[in-house]
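Student: Handing over structure-v7.cif, mmCIF, C-alpha atoms and all ligand atoms.
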data_entry
loop_
_atom_site.label_atom_id
_atom_site.label_comp_id
_atom_site.auth_asym_id
_atom_site.auth_seq_id
_atom_site.Cartn_x
_atom_site.Cartn_y
_atom_site.Cartn_z
CA MET A 1 139.07 -43.84 -67.32
CA THR A 2 142.80 -43.74 -67.77
CA ALA A 3 145.60 -42.13 -69.69
CA GLN A 4 145.45 -40.76 -73.19
CA ILE A 5 146.91 -42.58 -76.17
CA ARG A 6 149.89 -40.95 -77.83
CA LEU A 7 150.56 -41.22 -81.54
CA PRO A 8 153.88 -40.64 -83.21
CA MET A 9 154.09 -37.29 -84.92
CA LYS A 10 156.29 -35.36 -87.30
CA ARG A 11 157.15 -32.20 -89.20
CA ARG A 12 157.11 -29.13 -91.70
CA GLN A 13 156.50 -26.06 -94.31
CA PHE A 14 155.42 -23.13 -97.52
CA LEU A 15 153.91 -20.27 -99.77
CA LYS A 16 151.57 -17.92 -101.55
CA ASN A 17 147.99 -17.16 -100.71
CA ALA A 18 145.01 -17.51 -102.98
CA PRO A 19 143.46 -14.23 -104.12
CA LEU A 20 141.59 -12.26 -101.49
CA SER A 21 137.89 -11.75 -101.90
CA ALA A 22 136.21 -8.43 -101.47
CA ALA A 23 135.20 -9.60 -98.02
CA GLY A 24 138.82 -9.50 -96.83
CA LEU A 25 139.28 -6.94 -94.08
CA LEU A 26 142.99 -6.51 -94.52
CA SER A 27 145.53 -7.81 -96.94
CA VAL A 28 147.28 -11.02 -96.00
CA PRO A 29 151.06 -11.02 -95.99
CA VAL A 30 152.73 -12.52 -99.02
CA PHE A 31 155.17 -15.11 -97.82
CA ALA A 32 158.57 -15.69 -99.30
CA ASN A 33 159.65 -19.15 -100.34
CA TYR A 34 162.44 -19.13 -97.85
CA GLN A 35 163.11 -22.72 -97.13
CA ASP A 36 164.45 -25.81 -98.82
CA ARG A 37 161.41 -27.98 -99.33
CA LYS A 38 163.53 -31.05 -99.67
CA ASP A 39 164.12 -30.97 -95.94
CA PRO A 40 160.92 -29.72 -94.34
CA THR A 41 161.94 -31.03 -90.94
CA SER A 42 164.80 -28.56 -90.83
CA VAL A 43 162.38 -25.80 -89.95
CA THR A 44 161.19 -25.84 -86.40
CA LYS A 45 159.71 -22.39 -86.03
CA SER A 46 156.67 -20.81 -87.62
CA LEU A 47 157.32 -17.53 -89.37
CA ILE A 48 153.66 -16.61 -89.39
CA LYS A 49 152.15 -17.08 -85.96
CA PRO A 50 149.71 -17.13 -84.45
CA LEU A 51 147.44 -18.14 -87.31
CA VAL A 52 144.03 -19.73 -87.68
CA VAL A 53 142.16 -20.85 -90.79
CA CYS A 54 138.87 -22.66 -91.25
CA THR A 55 136.83 -24.02 -94.10
CA TRP A 56 134.22 -21.68 -95.56
CA ASN A 57 133.78 -18.15 -94.38
CA PHE A 58 132.98 -19.01 -90.78
CA LYS A 59 134.44 -15.72 -89.68
CA ASN A 60 132.88 -15.77 -86.21
CA ALA A 61 134.72 -19.03 -85.63
CA THR A 62 138.13 -17.70 -86.67
CA ALA A 63 137.46 -14.53 -84.66
CA LYS A 64 136.87 -16.61 -81.53
CA ALA A 65 139.96 -18.70 -82.19
CA TRP A 66 141.98 -15.55 -82.77
CA GLU A 67 140.80 -14.12 -79.44
CA ILE A 68 142.34 -17.15 -77.75
CA LEU A 69 145.52 -17.18 -79.80
CA SER A 70 146.13 -13.47 -79.35
CA ASN A 71 145.79 -13.91 -75.60
CA HIS A 72 148.60 -16.50 -75.61
CA GLY A 73 146.20 -19.45 -75.63
CA THR A 74 147.06 -22.79 -77.15
CA SER A 75 146.18 -23.87 -80.65
CA LEU A 76 144.18 -26.73 -79.12
CA ASP A 77 141.95 -24.39 -77.10
CA ALA A 78 141.66 -22.09 -80.11
CA VAL A 79 140.41 -24.74 -82.53
CA GLU A 80 138.02 -26.25 -80.01
CA GLN A 81 136.46 -22.95 -78.99
CA GLY A 82 136.54 -21.65 -82.54
CA VAL A 83 134.45 -24.44 -84.02
CA MET A 84 132.14 -24.41 -80.98
CA VAL A 85 130.84 -21.06 -82.24
CA GLU A 86 129.41 -22.79 -85.31
CA GLU A 87 128.21 -25.84 -83.38
CA ALA A 88 126.13 -23.56 -81.16
CA ASP A 89 124.69 -21.49 -84.01
CA PRO A 90 121.20 -22.80 -84.90
CA THR A 91 121.28 -20.95 -88.21
CA ASN A 92 124.26 -22.99 -89.40
CA GLU A 93 122.46 -26.02 -90.76
CA THR A 94 125.56 -28.10 -91.41
CA VAL A 95 127.06 -28.34 -87.93
CA GLY A 96 125.89 -29.05 -84.37
CA LEU A 97 122.65 -27.47 -83.17
CA GLY A 98 120.39 -26.96 -86.17
CA GLY A 99 122.32 -29.39 -88.35
CA ARG A 100 120.19 -31.10 -90.99
CA PRO A 101 119.01 -34.58 -90.05
CA ASP A 102 119.43 -37.95 -91.70
CA ARG A 103 116.60 -39.44 -93.76
CA ASP A 104 114.93 -40.74 -90.57
CA GLY A 105 114.84 -37.25 -89.10
CA ASN A 106 117.69 -37.75 -86.61
CA VAL A 107 120.50 -35.21 -86.30
CA THR A 108 123.73 -37.18 -85.96
CA LEU A 109 127.06 -35.46 -85.47
CA ASP A 110 130.67 -36.36 -86.23
CA ALA A 111 133.76 -34.55 -84.94
CA CYS A 112 137.44 -34.98 -84.23
CA ILE A 113 140.30 -33.03 -82.74
CA MET A 114 144.07 -33.45 -82.88
CA ASP A 115 146.84 -31.80 -80.87
CA LYS A 116 150.51 -30.94 -81.33
CA ASP A 117 151.65 -34.27 -79.93
CA GLY A 118 149.55 -36.33 -82.30
CA ASN A 119 146.94 -37.16 -79.69
CA CYS A 120 143.47 -37.31 -81.12
CA GLY A 121 139.87 -37.89 -80.15
CA SER A 122 136.75 -38.47 -82.18
CA VAL A 123 133.02 -39.02 -81.88
CA VAL A 124 130.81 -40.49 -84.57
CA TYR A 125 127.04 -40.72 -84.90
CA LEU A 126 126.59 -38.65 -81.74
CA GLN A 127 123.06 -37.41 -81.01
CA ASN A 128 121.54 -34.81 -78.66
CA ILE A 129 124.80 -33.02 -77.83
CA VAL A 130 125.49 -29.49 -79.06
CA HIS A 131 129.29 -29.67 -78.85
CA PRO A 132 130.63 -32.92 -80.30
CA ILE A 133 134.08 -31.31 -80.60
CA SER A 134 134.31 -30.99 -76.83
CA VAL A 135 133.22 -34.59 -76.37
CA ALA A 136 135.93 -35.59 -78.86
CA ARG A 137 138.48 -33.64 -76.81
CA LYS A 138 137.35 -35.46 -73.67
CA VAL A 139 137.70 -38.79 -75.48
CA MET A 140 141.27 -37.73 -76.29
CA GLU A 141 142.11 -36.52 -72.81
CA LEU A 142 140.18 -38.83 -70.51
CA THR A 143 140.00 -42.22 -72.19
CA PRO A 144 142.43 -44.80 -73.53
CA HIS A 145 140.49 -44.71 -76.82
CA ILE A 146 140.35 -42.47 -79.87
CA ILE A 147 136.82 -42.95 -81.26
CA LEU A 148 133.53 -43.33 -79.41
CA ALA A 149 130.36 -43.94 -81.40
CA GLY A 150 126.61 -43.55 -81.04
CA LYS A 151 125.02 -44.37 -77.71
CA GLY A 152 128.38 -45.00 -76.05
CA ALA A 153 129.60 -41.57 -77.06
CA GLU A 154 126.35 -39.99 -75.88
CA GLN A 155 126.52 -41.76 -72.53
CA PHE A 156 130.16 -40.69 -72.14
CA ALA A 157 129.09 -37.10 -72.85
CA TYR A 158 126.42 -37.16 -70.12
CA GLU A 159 128.89 -38.65 -67.67
CA ASN A 160 131.13 -35.69 -68.39
CA GLY A 161 128.51 -33.02 -67.81
CA PHE A 162 127.12 -32.44 -71.30
CA LYS A 163 123.39 -31.70 -71.45
CA LYS A 164 120.82 -33.48 -73.59
CA THR A 165 119.52 -31.09 -76.26
CA ASN A 166 117.12 -31.51 -79.17
CA LEU A 167 119.27 -30.52 -82.15
CA LEU A 168 116.44 -30.36 -84.71
CA THR A 169 115.23 -26.76 -85.10
CA GLU A 170 111.91 -25.58 -86.51
CA SER A 171 113.71 -24.63 -89.71
CA THR A 172 115.49 -27.96 -90.26
CA LYS A 173 112.34 -29.86 -89.27
CA LYS A 174 110.34 -27.97 -91.89
CA GLN A 175 113.00 -28.61 -94.55
CA TYR A 176 113.08 -32.27 -93.64
CA GLU A 177 109.29 -32.58 -93.91
CA ALA A 178 109.50 -30.97 -97.36
CA TRP A 179 112.37 -33.26 -98.38
CA LYS A 180 110.32 -36.31 -97.42
CA THR A 181 107.72 -35.42 -100.03
CA THR A 182 110.38 -35.65 -102.74
CA SER A 183 112.91 -37.99 -101.16
CA THR A 184 115.46 -37.27 -103.84
CA TYR A 185 119.00 -37.93 -102.79
CA GLU A 186 121.00 -35.77 -105.09
CA THR A 187 123.85 -33.81 -103.62
CA ILE A 188 123.75 -30.10 -104.29
CA ILE A 189 127.20 -28.67 -104.78
CA ASN A 190 128.21 -26.02 -102.23
CA ILE A 191 124.86 -26.37 -100.48
CA GLU A 192 124.19 -29.80 -99.03
CA ASN A 193 127.82 -30.63 -99.09
CA HIS A 194 129.47 -27.65 -97.50
CA ASP A 195 128.71 -29.42 -94.34
CA THR A 196 131.88 -29.19 -92.37
CA ILE A 197 133.94 -26.76 -90.40
CA GLY A 198 137.56 -27.83 -90.34
CA MET A 199 139.91 -25.51 -88.43
CA LEU A 200 143.71 -25.44 -88.22
CA ALA A 201 145.75 -23.18 -85.94
CA ILE A 202 149.30 -22.31 -84.96
CA ASP A 203 149.77 -20.72 -81.57
CA GLY A 204 152.41 -18.34 -80.27
CA ASN A 205 154.68 -21.26 -79.46
CA GLY A 206 154.48 -22.41 -83.06
CA ASP A 207 152.45 -25.50 -82.14
CA LEU A 208 149.68 -26.80 -84.38
CA ALA A 209 146.26 -28.27 -83.65
CA GLY A 210 143.13 -28.99 -85.66
CA ALA A 211 139.42 -29.64 -85.23
CA CYS A 212 136.69 -30.80 -87.57
CA THR A 213 132.95 -31.01 -86.86
CA THR A 214 129.81 -31.61 -88.92
CA SER A 215 126.26 -32.88 -89.03
CA GLY A 216 127.29 -34.67 -92.22
CA MET A 217 125.48 -34.98 -95.47
CA ALA A 218 121.86 -33.90 -95.23
CA TYR A 219 119.33 -36.76 -95.44
CA LYS A 220 122.07 -39.39 -95.36
CA MET A 221 121.23 -42.99 -94.62
CA ALA A 222 120.81 -43.74 -90.92
CA GLY A 223 124.18 -44.74 -89.52
CA ARG A 224 126.23 -43.06 -92.22
CA VAL A 225 129.51 -41.54 -91.04
CA GLY A 226 131.59 -39.30 -93.29
CA ASP A 227 135.22 -38.26 -93.34
CA SER A 228 135.07 -35.55 -90.69
CA PRO A 229 135.65 -37.70 -87.57
CA ILE A 230 138.10 -40.03 -89.32
CA ILE A 231 141.65 -39.07 -88.37
CA GLY A 232 143.66 -38.74 -91.58
CA ALA A 233 140.57 -38.27 -93.76
CA GLY A 234 138.73 -35.17 -92.52
CA LEU A 235 141.65 -33.90 -90.44
CA PHE A 236 145.31 -34.54 -89.85
CA VAL A 237 147.95 -32.55 -87.98
CA ASP A 238 151.66 -33.18 -87.75
CA ASN A 239 153.41 -30.60 -85.61
CA GLU A 240 156.63 -30.93 -87.57
CA VAL A 241 155.01 -30.56 -90.98
CA GLY A 242 151.56 -28.95 -91.00
CA GLY A 243 147.88 -29.76 -90.98
CA ALA A 244 145.06 -30.36 -93.42
CA THR A 245 141.29 -30.62 -93.28
CA ALA A 246 138.49 -31.34 -95.72
CA THR A 247 134.92 -30.43 -96.54
CA GLY A 248 132.50 -31.90 -99.05
CA VAL A 249 131.51 -35.44 -99.92
CA GLY A 250 133.22 -37.47 -97.23
CA GLU A 251 133.09 -40.78 -99.06
CA GLU A 252 135.57 -39.50 -101.64
CA VAL A 253 137.84 -37.96 -99.01
CA ILE A 254 137.98 -41.22 -97.06
CA LYS A 255 138.96 -43.18 -100.17
CA THR A 256 142.17 -41.17 -100.51
CA VAL A 257 142.71 -40.54 -96.77
CA GLY A 258 142.79 -36.97 -97.99
CA SER A 259 144.13 -34.94 -95.07
CA PHE A 260 146.90 -37.41 -94.26
CA LEU A 261 147.83 -37.47 -97.93
CA ILE A 262 148.14 -33.69 -98.01
CA VAL A 263 150.31 -33.56 -94.89
CA GLU A 264 152.55 -36.28 -96.31
CA LEU A 265 152.83 -34.38 -99.61
CA MET A 266 153.93 -31.33 -97.63
CA ARG A 267 156.46 -33.50 -95.80
CA GLN A 268 157.86 -34.44 -99.20
CA GLY A 269 158.36 -30.79 -100.08
CA LYS A 270 155.09 -29.55 -101.55
CA SER A 271 153.59 -26.26 -100.44
CA PRO A 272 150.12 -26.36 -98.82
CA GLN A 273 148.69 -25.09 -102.11
CA GLU A 274 150.47 -27.72 -104.21
CA ALA A 275 149.53 -30.47 -101.76
CA CYS A 276 145.83 -29.52 -101.79
CA GLU A 277 145.84 -29.47 -105.60
CA GLU A 278 147.41 -32.91 -105.73
CA GLY A 279 144.86 -34.18 -103.18
CA VAL A 280 141.97 -33.07 -105.39
CA ARG A 281 143.66 -34.43 -108.52
CA ARG A 282 143.99 -37.87 -106.91
CA ILE A 283 140.26 -37.89 -106.24
CA MET A 284 139.35 -36.67 -109.70
CA LYS A 285 141.58 -39.28 -111.33
CA LYS A 286 139.39 -41.95 -109.79
CA ASN A 287 136.22 -40.08 -110.72
CA GLN A 288 136.95 -39.08 -114.29
CA GLY A 289 134.12 -37.11 -115.79
CA ARG A 290 132.14 -36.88 -112.57
CA THR A 291 130.97 -33.38 -111.82
CA ASP A 292 128.29 -34.03 -109.24
CA PHE A 293 130.23 -33.51 -106.04
CA GLN A 294 132.27 -30.89 -104.25
CA ILE A 295 135.35 -31.35 -102.10
CA GLY A 296 137.48 -28.62 -100.61
CA PHE A 297 140.86 -29.12 -98.97
CA LEU A 298 142.55 -26.58 -96.72
CA ALA A 299 146.11 -26.86 -95.44
CA ILE A 300 148.73 -24.96 -93.46
CA ASN A 301 152.35 -25.72 -92.93
CA LYS A 302 154.58 -25.26 -89.92
CA GLN A 303 155.68 -21.88 -91.19
CA GLY A 304 152.16 -20.53 -91.41
CA GLU A 305 151.78 -20.74 -95.16
CA THR A 306 148.30 -21.68 -96.31
CA GLY A 307 146.66 -23.25 -99.33
CA GLY A 308 143.35 -24.58 -100.53
CA TYR A 309 141.87 -26.26 -103.56
CA CYS A 310 138.47 -27.64 -104.48
CA VAL A 311 136.58 -29.50 -107.20
CA HIS A 312 134.07 -26.77 -108.09
CA PRO A 313 134.29 -23.00 -107.70
CA GLY A 314 132.71 -21.70 -104.54
CA PHE A 315 134.90 -22.97 -101.74
CA THR A 316 136.38 -20.28 -99.54
CA TYR A 317 138.18 -20.19 -96.23
CA SER A 318 138.46 -17.77 -93.36
CA GLN A 319 141.88 -16.76 -92.07
CA PHE A 320 143.02 -14.70 -89.08
CA THR A 321 146.60 -13.56 -88.52
CA ASN A 322 148.09 -10.51 -86.88
CA GLN A 323 147.43 -8.83 -90.23
CA GLY A 324 143.69 -9.21 -89.65
CA GLN A 325 140.85 -11.40 -90.87
CA THR A 326 140.31 -12.32 -94.50
CA GLU A 327 138.13 -14.55 -96.62
CA GLN A 328 140.15 -16.43 -99.21
CA THR A 329 138.65 -17.78 -102.41
CA VAL A 330 140.42 -20.88 -103.67
CA GLU A 331 141.05 -22.15 -107.16
CA SER A 332 139.12 -25.15 -108.43
CA TYR A 333 139.66 -28.23 -110.58
CA TYR A 334 136.62 -27.40 -112.71
CA LYS A 335 136.41 -23.81 -113.82
CA LYS A 336 133.14 -21.87 -113.98
N1 LIG B 1 132.49 -33.90 -95.12
C1 LIG B 1 131.48 -34.26 -94.22
C2 LIG B 1 130.75 -35.46 -94.55
O1 LIG B 1 130.86 -36.00 -95.65
O2 LIG B 1 130.04 -35.93 -93.70
#
Transcribe the structure of this file into structure tokens.
Tutor:
Amino acid sequence: MTAQIRLPMKRRQFLKNAPLSAAGLLSVPVFANYQDRKDPTSVTKSLIKPLVVCTWNFKNATAKAWEILSNHGTSLDAVEQGVMVEEADPTNETVGLGGRPDRDGNVTLDACIMDKDGNCGSVVYLQNIVHPISVARKVMELTPHIILAGKGAEQFAYENGFKKTNLLTESTKKQYEAWKTTSTYETIINIENHDTIGMLAIDGNGDLAGACTTSGMAYKMAGRVGDSPIIGAGLFVDNEVGGATATGVGEEVIKTVGSFLIVELMRQGKSPQEACEEGVRRIMKKNQGRTDFQIGFLAINKQGETGGYCVHPGFTYSQFTNQGQTEQTVESYYKK
């Protein structure tokens, strides 16, 4: 295997946190709108750093990432090791070990990772491996490719020391057996679809990285791949601008290349909050009247400002800064 592929990368910036939930441990700093959004590339340093955020209240994941960041680790190590906490947790039935299977009973995992230089790695339809995010990082660092799929990805994982593991737990097996008796395929908002941990971090050097990992939609068709391992859809990071990640029904996120869109909106001067709102609005414009799916976007900019927005109430994110750890509840397109 040879050198990694390098992608071109770019810039940028902004403000104002969503309200804190009661679960917040400490208040999050309120950031000033200190910079001209018309020229996001003018800012090269983060004002809030280090910083880590991730979709949903996966607070053990942000705590792990924070441990790395606060010990002068890189954002890349922080996001990888942060999401690994959830991949290894058999009680998290949306990611890694214990993830819910497809309709044939197979647990298939998707993940991607992206660094400050725009390098990225991804695995899709990976089976029998607890940490797809680490395989994705190895794809990025050890191969000339960006995406490995299925058996090829699994073989690559074994060649790099990953162990074969049965990912179906007693709990998910029982649920799957019950599902087979009904075989309905309706998505359940904030349950079946909060299937993804997307994490974004800024390290002490002000460099950004992101990771995204999931077992995908429960009881999906065999072979289905969602947005999470698709660079630009489930995750995108531009070290000069910011990063974005997504959770929810991947098909809709892919159609708008959601995370790339949000980063580009930030490049054009929008705050993370404004960019996430516009990302959701683009999706809802194409799905007028549809209420049967959830999507949540989460974004940070180069300055450490954060934002999130979702289709239905219920999406939260976990954040860790030197002010402490908080759970943030985000605003939604549809109100309660
Ligand atoms: N957002 C994860 C998926 O749709 O698979």
Student: Name each residue within 8 Å of ligand LIG 1 (chain B), counting only C-alpha atoms and all ligand atoms, as number ranges by chain.
Tutor: A: 110, 193-196, 214-217, 225-228, 234, 246-251, 253, 295
Student: So which residues fall inside 6 Å of (142.1, -39.3, -99.8) if we count all atoms listed in the file? Mind giving them as an NGL selection string?
Tutor: :A and (253-258)
Student: With 12 Å as the cut-off and all atoms listed in the file counted, what is the closest atom pair between each nearby residue of range 190-235 of chain A and range 150-153 of chain A? Distances in Å to one decimal, ordered by chain and number, as CSV.
Tutor:
residue,atom,partner,partner_atom,distance
A:Ala222,CA,A:Gly150,CA,11.5
A:Gly223,CA,A:Gly150,CA,8.9
A:Arg224,CA,A:Gly150,CA,11.2
A:Val225,CA,A:Gly150,CA,10.6
Student: Could you check the closest approach to Glu327 in chain A for each of A:Ser134, A:Phe315, A:Arg100, A:Asp115 and tell me which residue wins, using all atoms listed in the file?
Tutor: A:Phe315
Student: Just give me the gap between CA of Glu274 in chain A and CA of Ala299 in chain A in Å, one decimal is fine.
Tutor: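 Result for CA of Glu274 in chain A versus CA of Ala299 in chain A: 9.8 Å, one decimal.
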Student: What lies within 12 Å of Val95 in chain A using only C-alpha atoms, ignoring chain neighbours under 3 positions off, as JSON, numbers by chain?
Tutor: {"A": [58, 83, 84, 85, 86, 87, 88, 89, 90, 91, 92, 98, 99, 100, 101, 107, 108, 109, 110, 111, 129, 130, 131, 132, 133, 167, 168, 172, 192, 193, 194, 195, 196, 197, 198, 212, 213, 214, 215, 216, 217, 218, 228, 247]}
Student: Calculated over only C-alpha atoms, which of the candidates A:Val330, A:Asn160, A:Glu264, A:Lys335 has the smallest distance to Thr291 in chain A?
Tutor: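 Distance minimum relative to Thr291 in chain A lands on A:Lys335.
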Student: In terms of the shortest atom-to-atom distance over all atoms listed in the file, which of A:Lys64, A:Lys163, A:Lys302, A:Lys138 is closest to Ser318 in chain A?
Tutor: A:Lys64
Student: Could you jot down the CA of Tyr317 in chain A to CA of Gly121 in chain A separation for me, Å, one decimal place?
Tutor: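 Interatomic distance, CA of Tyr317 in chain A to CA of Gly121 in chain A: 24.0 Å.
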Student: Out of A:Phe156, A:Phe297, A:Trp56, A:Tyr333, which residue has the shortest atom-to-atom distance to Ala244 in chain A when counting only C-alpha atoms?
Tutor: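 The shortest atom-to-atom distance to Ala244 in chain A comes from A:Phe297.
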Student: From the set A:Phe236, A:Trp179, A:Tyr309, A:Phe162, which residue has the shortest atom-to-atom contact distance to Leu261 in chain A, counting only C-alpha atoms?
Tutor: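 Of A:Phe236, A:Trp179, A:Tyr309, A:Phe162, the one nearest Leu261 in chain A, counting only C-alpha atoms, is A:Phe236.
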Student: Using only C-alpha atoms, which residue out of A:Thr94, A:Gln328, A:Gln319, A:Asn205 lies closest to Trp66 in chain A?
Tutor: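 Among A:Thr94, A:Gln328, A:Gln319, A:Asn205, it is A:Gln319 that comes nearest to Trp66 in chain A.
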Student: Mind pulling up the distance from CA of Gly314 in chain A to CA of Thr329 in chain A?
Tutor: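 Computed distance, CA of Thr329 in chain A to CA of Gly314 in chain A, equals 7.4 Å.
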Student: For Thr74 in chain A, find every residue with an atom within 9 Å (counting only C-alpha atoms), except residues of its own chain fewer than 6 positions away, and show them as a list in words.
Tutor: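 Skipping anything fewer than 6 positions along the chain leaves Ile68, Ala201, Ile202, Asp203, Gly204, Asn205, Asp207, Leu208 and Ala209 of chain A.
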Student: Report as a PyMOL selection string all protein, DNA and RNA residues lying within 10 Å of Leu51 in chain A, evaluated on all atoms listed in the file, omitting residues in the same chain fewer than 4 positions from it.
Tutor: chain A and resi 46+62+65-66+69-70+75+200-204+206+208+300+303-306+319-324
